[in-house]
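Beneath this line is the structure, given in structure tokens, with notes to follow.
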Amino acid sequence: MEQYKHKYGAEQIQVLEGLEAVRKRPGMYIGSVSARGLHHLVYEIADNCVDEALAGYCKNINIKIEPGNIVSVEDDGRGIPVEIHPKTKISTAETVYTVLHAGGKFGGDSGYKVSGGLHGVGASVVNALSEWVEVTIQRDGGIFQMKFERGKTVQKLTRIGDSDKTGTKVRFLADDTIFETLEYDYSVLENRLREIAFLTKGLRITFEDLREEPIKKAEFCFEGGLISFVEYLNKNKEKLHPTPIYIEKTVSDVPVEIAIQYTSAYSENIYTFVNNIHTVEGGTHLEGFKRAITKVFNDYARSHNILKEKDANLQGEDIREGITAVVSVKVKEPQFEGQTKTKLGNSNVTGIVQSMVNEALSNFLEENPSVAKAILEKCISASRAREAARKARELVRRKNALETSTLPGKLADCSEKNAELCEVYIVEGDSAGGSAKQGRDRKFQAILPLWGKMLNVEKSRADKIYNNDKLQPVILAVGAGIGADFDITKIRYGKVIIMADADVDGAHIRTLLLTFFFRYMRPLIENGNVYLAQPPLYKLSKKGMKDIYCYTDEDLNRELKELEEKGIARDAVGIQRYKGLGEMNPEQLWDTTMNPETRILIKVTMEDAIKADEIFTILMGDDVGPRREFIEQNAKYVKNLDI
Ligand code: 0R9
């Protein structure tokens with residue numbers, strides 16, 4: 001066995017201080033210490049493999065979650081270099097794991113064009129935040145291994161055997177004194193790994209969850225890259241042309257890759273990525289893309305006499321109706337802005353994407369006139385619908401102006417003027433609405449009762465929605481407009497809470513309202529203003545005992561067990577199963593579902609817009625087959641999202 005020798009010098013001491021800083025303020029390096037931050041550890045390591053794949057050396061990545069939440073990531077790239085690094089005087093591999101930001105700085109002439117990872121900090125941060133890390137490298141004819149505990153080297157890089165293969169394997173256990181939870185979510189990792197595979201054409205990613213029987217497995221490899229991505233997003237939609245439009249070009253050192261396919265849907269779904277990171281908030285690349293498609297389709301429509309001289313130009317939103325697109329750019333020094341640091345700020349990227357799309361898309365349309373025609377017919381009908389919607393909206397405005405108040409008649413508003421502190425409960429059914437009105441704290445809680453079957457917004461265009469008597473009160477109560485007009489700064493309530501029964505009808509109304517918010521008030525979800533109230537399922541009562549409310553079946557079993565332990569037999573306790581909100585009196589409704597001290601609210605997040613869109617499309621679409629199949633396969637996920 002051969003061991004690399006070294007002495008700790010000033011540089012090494014600095015190194016340890018560097019990783020100590022990561023442990024002191026982990027949030028600065030991985031965003032948070034919640035489950036989200038935990039999952040980032042996996043992405044950071046996987047991103048290093050993706051970099052190696054982008055450099056052309058790695059074809060396979062195997063990721064496992066082993067029992068005890070140990071993560072194992074293995075690639076078949078060149079292996080992290082093992083020789084002594086001239087600057088740190090320790091092996092390059094150890095340097096990468098112990099020096100903050102070493103990946104880029106020490107990689108030097110690595111052939112890496114851009115680095116992935118949301119925070120670009122990589123291996124050393126994972127090391128700092130892990131109870132232990134074990135790295136095994138096959139390279140230069142040998143197998144080398146090193147080990148760390150909480151960022152400190154406990155076994156220096158040691159040759160432990162011979163091998164004619166190359167590759168890197170990293171196993172780690174996240175530090176439970178740093179993270180709130182060590183539980184990885186299979187579907188969260190699965191979705192991100194699928195996304196990485198789509199974005200890295202030809203890369204094979206296998207994923208195994210070995211934590212419990214039966215073990216779960218997934219394998220992703222997409223020779224079609226972004227084309228496969230768009231086909232996946234559109235798999236349950238009606239397409240306007242059989243294959244996605246694919247354009248790819250490097251302009252001013254920025255590689256741009258785009259796939260587009262139009263569907264007969266009314267929504268727009270454009271997903272943008274920078275260095276494989278999903279830029280949820282968009283940014284300059286999205287701006288360039290939108291500008292270009294607006295210009296290209298208008299120019300084509302004019303030059304082919306589809307738009308006549310007297311016709312107004314098609315607007316951006318007309319051209320984006322029904323579009324599904326993935327835009328992926330690679331930028332050397334990306335600047336991320338926005339609330340969640342997922343908005344690209346580099347201003348030169350707008351022009352780069354714009355000119356690339358201008359050229360490539362207009363060429364494509366000239367060569368594929370039937371595709372151009374199908375898309376433009378749809379854009380023109382969208383522009384007519386927009387015009388109809390504008391008239392309908394004006395009608396709504398005029399009607400409101402005539403009324404004394406612009407608020408819907410059914411709304412019982414609150415007295416607080418600071419919107420941030422206000423809440424509106426959208427309540428299913430008139431009787432529950434009545435209880436909620438009596439039970440609420442009228443200072444900051446407003447109640448809007450809704451009843452009957454809602455309009456399915458997945459299948460309706462904007463004009464129908466403005467005129468819909470169920471949704472109009474919601475639009476007016478929220479007070480911030482809808483669609484392109486939606487202005488989050490105008491919202492009248494900090495919390496918009498959907499309160500529906502825990503039965504099938506309740507689930508239906510919840511799904512419809514969420515679809516509506518998702519499609520027409522998306523910033524409301526992105527901004528974290530939409531919540532689901534969680535009414536109890538059971539009430540346990542016994543003479544002389546305070547009523548106990550249970551929100552899940554597990555709750556019920558636990559409470560009954562606890563009572564039994566106190567010597568109270570199961571059959572001595574009255575168990576009432578609530579069938580609906582209407583069964584609760586105002587006081588009970590306040591205690592269980594509305595009192596901020598005791599209620600349970602579930603925040604609706606945009607964490608996974610792709611998944612949400614898929615659910616909405618499948619649950620709301622025409623096709624019953626995929627819907628049933630989806631619910632069967634994803635019962636847990638659907639329950640998590642509570643729709
Ligand atoms: C299982 C997780 N895999 C990795 O973390 C991983 C890092 C890595 C790598 C190289 C090859 N495979 C890898 N897998 C690599 C890079 C270079 C040369 N040879 C191999 C190079 O950059 O020139 N490295 C990532 C950073 C480094 N290596 C380096 F900084 F040590 F060079």
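We name chains A, B, ... following the order of the structure tokens; residues begin at 1 in each chain, and ligands are numbered from 1 as shown.
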Contacts between ligand 1 and chain A, please, where a residue of chain A counts if it comes within 9 Å (with only C-alpha atoms and all ligand atoms); show its shortest atom pair and distance in Å to one decimal, rows by chain and ascending number, as CSV.
residue,atom,partner,partner_atom_place_in_ligand_line,distance
A:Glu44,CA,ligand 1,5 (O),8.4
A:Ile45,CA,ligand 1,2 (C),5.2
A:Ala46,CA,ligand 1,2 (C),6.0
A:Asp47,CA,ligand 1,5 (O),7.7
A:Asn48,CA,ligand 1,5 (O),4.6
A:Cys49,CA,ligand 1,3 (N),4.7
A:Val50,CA,ligand 1,14 (N),8.3
A:Asp51,CA,ligand 1,8 (C),7.7
A:Glu52,CA,ligand 1,12 (N),5.3
A:Ala53,CA,ligand 1,12 (N),8.5
A:Ala55,CA,ligand 1,16 (C),8.7
A:Tyr57,CA,ligand 1,11 (C),7.8
A:Cys58,CA,ligand 1,12 (N),7.5
A:Ile61,CA,ligand 1,1 (C),7.7
A:Asn62,CA,ligand 1,1 (C),8.5
A:Ile63,CA,ligand 1,1 (C),8.7
A:Ser72,CA,ligand 1,1 (C),7.8
A:Val73,CA,ligand 1,1 (C),4.7
A:Glu74,CA,ligand 1,1 (C),4.2
A:Asp75,CA,ligand 1,1 (C),5.1
A:Asp76,CA,ligand 1,12 (N),7.5
A:Gly77,CA,ligand 1,12 (N),4.7
A:Arg78,CA,ligand 1,11 (C),4.6
A:Gly79,CA,ligand 1,12 (N),4.2
A:Ile80,CA,ligand 1,28 (N),4.0
A:Pro81,CA,ligand 1,31 (F),5.2
A:Val82,CA,ligand 1,31 (F),7.8
A:His85,CA,ligand 1,31 (F),9.0
A:Ser91,CA,ligand 1,31 (F),8.8
A:Thr92,CA,ligand 1,31 (F),5.1
A:Ala93,CA,ligand 1,31 (F),5.4
A:Glu94,CA,ligand 1,31 (F),8.4
A:Thr95,CA,ligand 1,31 (F),7.4
A:Val96,CA,ligand 1,31 (F),5.6
A:Tyr97,CA,ligand 1,31 (F),8.9
A:Ala102,CA,ligand 1,30 (F),6.6
A:Gly103,CA,ligand 1,30 (F),4.6
A:Gly104,CA,ligand 1,30 (F),6.6
A:Lys105,CA,ligand 1,30 (F),7.6
A:Phe106,CA,ligand 1,30 (F),5.1
A:Gly107,CA,ligand 1,30 (F),3.6
A:Gly108,CA,ligand 1,22 (O),6.6
A:Asp109,CA,ligand 1,23 (O),5.8
A:Ser110,CA,ligand 1,23 (O),3.1
A:Gly111,CA,ligand 1,23 (O),6.1
A:Tyr112,CA,ligand 1,22 (O),6.5
A:Gly122,CA,ligand 1,5 (O),8.1
A:Ala123,CA,ligand 1,5 (O),6.6
A:Val135,CA,ligand 1,1 (C),8.0
A:Thr136,CA,ligand 1,1 (C),8.6
A:Ile137,CA,ligand 1,14 (N),8.6
A:Thr166,CA,ligand 1,12 (N),8.7
A:Gly167,CA,ligand 1,12 (N),6.3
A:Thr168,CA,ligand 1,1 (C),4.8
A:Lys169,CA,ligand 1,1 (C),4.4
A:Val170,CA,ligand 1,1 (C),4.9
A:Arg171,CA,ligand 1,1 (C),8.2
inquiry  = I want to know what sits within 12 Å of region 535-540 of chain A, based on only C-alpha atoms, with residues of the same chain fewer than 2 positions away left out; could you give that as a VMD selection string?
reply    = chain A and resid 427 432 497 to 503 506 532 to 533 542 to 543 545 to 560 563 568 570 to 584 588 to 595 598 to 602
query = Which neighbours of Asn348 (chain A) fall inside 10 Å, counting only C-alpha atoms, when residues of the same chain fewer than 2 positions from it are skipped, and could you give them as a VMD selection string?
reply = chain A and resid 252 254 284 to 285 288 345 to 346 350 to 353
Taking 6 positions as the minimum chain separation for residues in the same chain, which residues sit within 10 Å of Arg320 (chain A) when counting only C-alpha atoms? Answer as a tab-separated table (two decimals) with N, CA and C atoms, in the first residue's frame.
chain	number	residue	atom	x	y	z
A	262	TYR	N	-45.98	22.53	-30.28
A	262	TYR	CA	-47.27	23.14	-29.94
A	262	TYR	C	-48.32	22.07	-29.71
A	266	TYR	N	-54.43	25.46	-23.95
A	266	TYR	CA	-54.44	26.93	-23.92
A	266	TYR	C	-53.33	27.51	-23.07
A	267	SER	N	-52.65	26.64	-22.39
A	267	SER	CA	-51.62	27.13	-21.47
A	267	SER	C	-50.28	27.25	-22.20
A	268	GLU	N	-49.32	27.93	-21.55
A	268	GLU	CA	-47.97	27.97	-22.11
A	268	GLU	C	-47.03	27.33	-21.10
A	269	ASN	N	-46.17	26.47	-21.60
A	269	ASN	CA	-45.23	25.79	-20.72
A	269	ASN	C	-43.83	25.89	-21.28
A	270	ILE	N	-43.10	26.88	-20.80
A	270	ILE	CA	-41.73	27.06	-21.26
A	270	ILE	C	-40.82	26.82	-20.07
A	290	LYS	N	-38.70	34.59	-26.05
A	290	LYS	CA	-40.06	35.11	-26.28
A	290	LYS	C	-40.06	36.18	-27.38
A	293	ILE	N	-39.59	34.40	-30.89
A	293	ILE	CA	-40.73	33.68	-31.50
A	293	ILE	C	-41.83	34.65	-31.91
A	294	THR	N	-42.02	35.72	-31.13
A	294	THR	CA	-43.04	36.71	-31.49
A	294	THR	C	-42.71	37.31	-32.86
A	375	ILE	N	-49.45	25.96	-36.62
A	375	ILE	CA	-49.18	26.79	-35.44
A	375	ILE	C	-49.85	28.16	-35.59
A	378	LYS	N	-53.56	28.36	-34.96
A	378	LYS	CA	-53.82	28.36	-33.51
A	378	LYS	C	-53.55	29.75	-32.90
A	379	CYS	N	-52.44	30.39	-33.33
A	379	CYS	CA	-52.11	31.72	-32.79
A	379	CYS	C	-53.20	32.73	-33.14
A	382	ALA	N	-56.13	32.25	-31.04
A	382	ALA	CA	-55.82	32.76	-29.70
A	382	ALA	C	-55.98	34.27	-29.66
query = Skipping near chain neighbours, those fewer than 5 positions away, what residues fall within 9 Å of Ile447 (chain A) using only C-alpha atoms, listed as a list of chain:residue names?
reply =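 Residues meeting the cut-off are A:Lys410, A:Leu411, A:Ala412, A:Asp413, A:Cys414, A:Glu423, A:Val424, A:Tyr425, A:Ile426, A:Val427, A:Gly433, A:Gly434, A:Ala436, A:Lys437, A:Arg440.
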Save the residues we just selected, all heavy atoms, as a JSON list (two decimals), in the first residue's frame?
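part_10.json, freshly written:
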[["chain", "number", "residue", "atom", "x", "y", "z"],
["A", 410, "LYS", "N", -71.08, 37.82, -2.17],
["A", 410, "LYS", "CA", -71.01, 36.72, -1.20],
["A", 410, "LYS", "C", -69.83, 36.85, -0.23],
["A", 410, "LYS", "O", -69.74, 36.12, 0.74],
["A", 410, "LYS", "CB", -70.85, 35.40, -1.95],
["A", 410, "LYS", "CG", -72.10, 34.94, -2.64],
["A", 410, "LYS", "CD", -72.84, 33.94, -1.76],
["A", 410, "LYS", "CE", -74.11, 33.49, -2.45],
["A", 410, "LYS", "NZ", -74.91, 32.66, -1.54],
["A", 411, "LEU", "N", -68.91, 37.76, -0.54],
["A", 411, "LEU", "CA", -67.70, 37.86, 0.28],
["A", 411, "LEU", "C", -68.00, 38.55, 1.61],
["A", 411, "LEU", "O", -68.56, 39.63, 1.64],
["A", 411, "LEU", "CB", -66.62, 38.65, -0.47],
["A", 411, "LEU", "CG", -65.34, 38.92, 0.31],
["A", 411, "LEU", "CD1", -64.45, 37.67, 0.33],
["A", 411, "LEU", "CD2", -64.55, 40.08, -0.31],
["A", 412, "ALA", "N", -67.61, 37.87, 2.71],
["A", 412, "ALA", "CA", -67.65, 38.55, 4.01],
["A", 412, "ALA", "C", -66.23, 39.01, 4.28],
["A", 412, "ALA", "O", -65.36, 38.20, 4.61],
["A", 412, "ALA", "CB", -68.12, 37.59, 5.10],
["A", 413, "ASP", "N", -65.97, 40.29, 4.07],
["A", 413, "ASP", "CA", -64.58, 40.76, 4.13],
["A", 413, "ASP", "C", -64.15, 40.99, 5.58],
["A", 413, "ASP", "O", -64.96, 40.98, 6.50],
["A", 413, "ASP", "CB", -64.44, 42.05, 3.32],
["A", 413, "ASP", "CG", -63.05, 42.18, 2.72],
["A", 413, "ASP", "OD1", -62.23, 41.26, 2.92],
["A", 413, "ASP", "OD2", -62.78, 43.19, 2.04],
["A", 414, "CYS", "N", -62.84, 41.19, 5.75],
["A", 414, "CYS", "CA", -62.31, 41.45, 7.08],
["A", 414, "CYS", "C", -62.06, 42.94, 7.25],
["A", 414, "CYS", "O", -62.13, 43.69, 6.27],
["A", 414, "CYS", "CB", -61.03, 40.66, 7.31],
["A", 414, "CYS", "SG", -59.79, 40.90, 6.04],
["A", 423, "GLU", "N", -56.45, 37.18, 5.48],
["A", 423, "GLU", "CA", -56.62, 35.85, 4.89],
["A", 423, "GLU", "C", -58.02, 35.77, 4.29],
["A", 423, "GLU", "O", -58.95, 36.35, 4.84],
["A", 423, "GLU", "CB", -56.56, 34.78, 5.96],
["A", 423, "GLU", "CG", -55.41, 34.90, 6.91],
["A", 423, "GLU", "CD", -55.43, 33.84, 8.02],
["A", 423, "GLU", "OE1", -56.51, 33.25, 8.31],
["A", 423, "GLU", "OE2", -54.37, 33.62, 8.58],
["A", 424, "VAL", "N", -58.11, 35.07, 3.17],
["A", 424, "VAL", "CA", -59.46, 34.78, 2.68],
["A", 424, "VAL", "C", -59.62, 33.26, 2.60],
["A", 424, "VAL", "O", -58.76, 32.56, 2.09],
["A", 424, "VAL", "CB", -59.75, 35.45, 1.31],
["A", 424, "VAL", "CG1", -58.83, 34.97, 0.20],
["A", 424, "VAL", "CG2", -61.22, 35.24, 0.92],
["A", 425, "TYR", "N", -60.70, 32.79, 3.21],
["A", 425, "TYR", "CA", -61.04, 31.37, 3.13],
["A", 425, "TYR", "C", -62.04, 31.19, 1.99],
["A", 425, "TYR", "O", -63.11, 31.78, 2.02],
["A", 425, "TYR", "CB", -61.69, 30.91, 4.43],
["A", 425, "TYR", "CG", -60.70, 30.49, 5.49],
["A", 425, "TYR", "CD1", -60.10, 31.42, 6.32],
["A", 425, "TYR", "CD2", -60.35, 29.15, 5.65],
["A", 425, "TYR", "CE1", -59.19, 31.03, 7.30],
["A", 425, "TYR", "CE2", -59.44, 28.75, 6.62],
["A", 425, "TYR", "CZ", -58.87, 29.69, 7.44],
["A", 425, "TYR", "OH", -57.98, 29.30, 8.39],
["A", 426, "ILE", "N", -61.63, 30.41, 1.00],
["A", 426, "ILE", "CA", -62.59, 30.07, -0.05],
["A", 426, "ILE", "C", -63.22, 28.75, 0.38],
["A", 426, "ILE", "O", -62.54, 27.74, 0.50],
["A", 426, "ILE", "CB", -61.88, 29.94, -1.41],
["A", 426, "ILE", "CG1", -61.15, 31.24, -1.73],
["A", 426, "ILE", "CG2", -62.88, 29.59, -2.50],
["A", 426, "ILE", "CD1", -60.38, 31.22, -3.04],
["A", 427, "VAL", "N", -64.51, 28.83, 0.69],
["A", 427, "VAL", "CA", -65.15, 27.70, 1.37],
["A", 427, "VAL", "C", -66.16, 27.03, 0.45],
["A", 427, "VAL", "O", -66.97, 27.71, -0.20],
["A", 427, "VAL", "CB", -65.88, 28.19, 2.64],
["A", 427, "VAL", "CG1", -66.41, 27.00, 3.42],
["A", 427, "VAL", "CG2", -64.95, 29.01, 3.51],
["A", 433, "GLY", "N", -69.92, 27.75, 4.60],
["A", 433, "GLY", "CA", -69.63, 29.18, 4.48],
["A", 433, "GLY", "C", -70.25, 29.94, 5.65],
["A", 433, "GLY", "O", -69.64, 30.82, 6.24],
["A", 434, "GLY", "N", -71.50, 29.56, 6.01],
["A", 434, "GLY", "CA", -72.20, 30.21, 7.11],
["A", 434, "GLY", "C", -71.47, 30.00, 8.43],
["A", 434, "GLY", "O", -71.24, 30.94, 9.19],
["A", 436, "ALA", "N", -68.34, 29.26, 8.82],
["A", 436, "ALA", "CA", -67.04, 29.93, 8.76],
["A", 436, "ALA", "C", -67.21, 31.42, 9.04],
["A", 436, "ALA", "O", -66.40, 32.03, 9.75],
["A", 436, "ALA", "CB", -66.39, 29.71, 7.40],
["A", 437, "LYS", "N", -68.29, 32.00, 8.51],
["A", 437, "LYS", "CA", -68.53, 33.43, 8.74],
["A", 437, "LYS", "C", -68.73, 33.71, 10.22],
["A", 437, "LYS", "O", -68.26, 34.71, 10.75],
["A", 437, "LYS", "CB", -69.77, 33.89, 7.96],
["A", 437, "LYS", "CG", -69.45, 34.26, 6.53],
["A", 437, "LYS", "CD", -70.66, 34.75, 5.79],
["A", 437, "LYS", "CE", -70.38, 34.75, 4.31],
["A", 437, "LYS", "NZ", -71.52, 35.13, 3.48],
["A", 440, "ARG", "N", -65.19, 32.81, 12.33],
["A", 440, "ARG", "CA", -63.92, 33.47, 12.00],
["A", 440, "ARG", "C", -63.56, 34.60, 12.96],
["A", 440, "ARG", "O", -64.39, 35.08, 13.73],
["A", 440, "ARG", "CB", -64.03, 34.07, 10.60],
["A", 440, "ARG", "CG", -65.00, 35.24, 10.61],
["A", 440, "ARG", "CD", -65.13, 35.90, 9.27],
["A", 440, "ARG", "NE", -66.21, 36.84, 9.26],
["A", 440, "ARG", "CZ", -66.21, 37.97, 8.56],
["A", 440, "ARG", "NH1", -65.19, 38.27, 7.79],
["A", 440, "ARG", "NH2", -67.25, 38.78, 8.58]]
key: Length of the CA of Ile227 (chain A) to CA of Glu257 (chain A) vector [Å]   =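 So the two atoms, CA of Ile227 (chain A) and CA of Glu257 (chain A), lie 10.0 Å apart.
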task = Among the residues of region 253-406 of chain A, find those DSSP assigns to strand (DSSP E or B) from the backbone and print them as JSON, numbers by chain.
result = {"A": [254, 255, 256, 257, 258, 259, 260, 261, 262, 263, 269, 270, 271, 272, 273, 274, 277, 278, 283, 323, 324, 325, 326, 327, 328, 329, 336, 337, 343, 344]}
Which residues come within 12 Å of Gln261 (chain A), counting only C-alpha atoms, excluding same-chain residues fewer than 6 positions away, as a CSV table (one decimal) with N, CA and C atoms, in the first residue's frame?
chain,number,residue,atom,x,y,z
A,226,LEU,N,-33.3,17.1,-25.5
A,226,LEU,CA,-34.4,18.0,-25.3
A,226,LEU,C,-35.7,17.6,-26.1
A,227,ILE,N,-35.5,17.0,-27.2
A,227,ILE,CA,-36.6,16.5,-28.0
A,227,ILE,C,-37.4,15.5,-27.2
A,228,SER,N,-36.7,14.6,-26.5
A,228,SER,CA,-37.4,13.6,-25.6
A,228,SER,C,-38.0,14.3,-24.5
A,229,PHE,N,-37.4,15.4,-24.0
A,229,PHE,CA,-37.9,16.2,-22.8
A,229,PHE,C,-39.3,16.7,-23.2
A,230,VAL,N,-39.4,17.4,-24.4
A,230,VAL,CA,-40.6,18.0,-24.8
A,230,VAL,C,-41.7,16.9,-25.1
A,231,GLU,N,-41.3,15.8,-25.7
A,231,GLU,CA,-42.2,14.7,-25.9
A,231,GLU,C,-42.8,14.2,-24.6
A,232,TYR,N,-41.9,14.1,-23.6
A,232,TYR,CA,-42.4,13.7,-22.3
A,232,TYR,C,-43.4,14.6,-21.7
A,233,LEU,N,-43.1,15.9,-21.8
A,233,LEU,CA,-44.0,16.9,-21.2
A,233,LEU,C,-45.3,16.9,-21.9
A,234,ASN,N,-45.3,16.6,-23.2
A,234,ASN,CA,-46.5,16.6,-24.0
A,234,ASN,C,-47.2,15.2,-24.1
A,235,LYS,N,-46.7,14.3,-23.4
A,235,LYS,CA,-47.2,12.9,-23.7
A,235,LYS,C,-48.7,12.7,-23.6
A,237,LYS,N,-50.9,15.2,-24.2
A,237,LYS,CA,-51.6,16.3,-24.9
A,237,LYS,C,-51.7,16.1,-26.4
A,238,GLU,N,-52.7,16.8,-26.9
A,238,GLU,CA,-52.9,16.7,-28.4
A,238,GLU,C,-51.9,17.6,-29.1
A,239,LYS,N,-51.1,17.0,-30.0
A,239,LYS,CA,-50.0,17.8,-30.6
A,239,LYS,C,-50.5,18.4,-31.9
A,240,LEU,N,-49.9,19.6,-32.2
A,240,LEU,CA,-50.3,20.2,-33.5
A,240,LEU,C,-49.4,19.8,-34.6
A,241,HIS,N,-48.2,19.3,-34.3
A,241,HIS,CA,-47.3,18.7,-35.3
A,241,HIS,C,-46.6,17.5,-34.6
A,242,PRO,N,-46.2,16.5,-35.4
A,242,PRO,CA,-45.8,15.2,-34.8
A,242,PRO,C,-44.5,15.3,-34.1
A,243,THR,N,-43.5,16.0,-34.6
A,243,THR,CA,-42.2,16.0,-33.8
A,243,THR,C,-41.9,17.4,-33.4
A,244,PRO,N,-41.2,17.5,-32.2
A,244,PRO,CA,-40.8,18.8,-31.8
A,244,PRO,C,-39.8,19.5,-32.8
A,245,ILE,N,-39.9,20.8,-32.8
A,245,ILE,CA,-38.9,21.6,-33.6
A,245,ILE,C,-37.7,21.6,-32.7
A,246,TYR,N,-36.5,21.3,-33.3
A,246,TYR,CA,-35.3,21.3,-32.5
A,246,TYR,C,-34.3,22.3,-33.1
A,247,ILE,N,-33.8,23.2,-32.4
A,247,ILE,CA,-32.7,24.1,-32.9
A,247,ILE,C,-31.6,24.2,-31.9
A,268,GLU,N,-49.3,27.9,-21.6
A,268,GLU,CA,-48.0,28.0,-22.1
A,268,GLU,C,-47.0,27.3,-21.1
A,269,ASN,N,-46.2,26.5,-21.6
A,269,ASN,CA,-45.2,25.8,-20.7
A,269,ASN,C,-43.8,25.9,-21.3
A,270,ILE,N,-43.1,26.9,-20.8
A,270,ILE,CA,-41.7,27.1,-21.3
A,270,ILE,C,-40.8,26.8,-20.1
A,320,ARG,N,-47.7,32.2,-27.8
A,320,ARG,CA,-47.3,31.2,-26.8
A,320,ARG,C,-48.4,30.3,-26.3
A,321,GLU,N,-49.6,30.5,-26.8
A,321,GLU,CA,-50.7,29.7,-26.4
A,321,GLU,C,-50.5,28.2,-26.9
A,322,GLY,N,-50.5,27.3,-26.0
A,322,GLY,CA,-50.3,25.9,-26.3
A,322,GLY,C,-48.9,25.5,-26.6
A,323,ILE,N,-47.9,26.4,-26.4
A,323,ILE,CA,-46.6,26.0,-26.6
A,323,ILE,C,-46.0,25.2,-25.5
A,324,THR,N,-45.2,24.2,-25.8
A,324,THR,CA,-44.4,23.5,-24.8
A,324,THR,C,-42.9,23.6,-25.3
A,325,ALA,N,-42.1,24.2,-24.5
A,325,ALA,CA,-40.7,24.4,-25.0
A,325,ALA,C,-39.7,24.2,-23.9
A,326,VAL,N,-38.5,23.8,-24.2
A,326,VAL,CA,-37.4,23.7,-23.2
A,326,VAL,C,-36.3,24.5,-23.8
A,371,VAL,N,-46.2,22.8,-40.8
A,371,VAL,CA,-46.1,23.0,-39.4
A,371,VAL,C,-46.4,24.5,-39.1
A,372,ALA,N,-45.8,25.4,-39.9
A,372,ALA,CA,-46.0,26.8,-39.7
A,372,ALA,C,-47.5,27.1,-39.8
A,374,ALA,N,-50.1,25.1,-39.2
A,374,ALA,CA,-50.9,24.6,-38.1
A,374,ALA,C,-50.7,25.5,-36.8
A,375,ILE,N,-49.4,26.0,-36.6
A,375,ILE,CA,-49.2,26.8,-35.4
A,375,ILE,C,-49.9,28.2,-35.6
task = Any chance you could list, as number ranges by chain, the residues in region 556-593 of chain A that come up alpha helix (DSSP H) when DSSP is run on the backbone?
result = A: 556-565, 586-589
Just the residues within 8 Å of Gly27 (chain A), please, counting only C-alpha atoms, with nothing from its chain fewer than 5 positions along; format it as a PDB file with all heavy atoms, in the first residue's frame.
ATOM      1  N   SER A  32     -30.450  25.906   2.282  1.00  0.00           N
ATOM      2  CA  SER A  32     -31.159  25.656   3.534  1.00  0.00           C
ATOM      3  C   SER A  32     -30.711  24.329   4.124  1.00  0.00           C
ATOM      4  O   SER A  32     -30.025  23.553   3.471  1.00  0.00           O
ATOM      5  CB  SER A  32     -32.671  25.609   3.296  1.00  0.00           C
ATOM      6  OG  SER A  32     -33.027  24.341   2.787  1.00  0.00           O
ATOM      7  N   VAL A  33     -31.100  24.075   5.379  1.00  0.00           N
ATOM      8  CA  VAL A  33     -30.779  22.782   5.996  1.00  0.00           C
ATOM      9  C   VAL A  33     -32.040  21.921   6.096  1.00  0.00           C
ATOM     10  O   VAL A  33     -32.071  20.941   6.816  1.00  0.00           O
ATOM     11  CB  VAL A  33     -30.125  22.944   7.389  1.00  0.00           C
ATOM     12  CG1 VAL A  33     -28.745  23.527   7.248  1.00  0.00           C
ATOM     13  CG2 VAL A  33     -31.004  23.790   8.306  1.00  0.00           C
ATOM     14  N   GLY A  37     -32.249  21.361   1.141  1.00  0.00           N
ATOM     15  CA  GLY A  37     -30.790  21.438   1.206  1.00  0.00           C
ATOM     16  C   GLY A  37     -30.166  20.052   1.172  1.00  0.00           C
ATOM     17  O   GLY A  37     -29.151  19.818   0.518  1.00  0.00           O
TER      18      GLY A  37
END
inquiry  = Could you check the closest approach to Asn276 (chain A) for each of A:Glu377, A:Glu195, A:Glu309, A:Glu367 and tell me which residue wins, using only C-alpha atoms?
reply    = A:Glu195
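When only C-alpha atoms are used to measure the gap to Gln354 (chain A), the shortest distance among A:Gly481, A:Glu20, A:Ile258, A:Leu450 belongs to A:Ile258.
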inquiry  = For a test of reading the model, state the distance in Å between CA of Ile260 (chain A) and CA of Asp485 (chain A), rounded to one decimal.
reply    = 25.3 Å
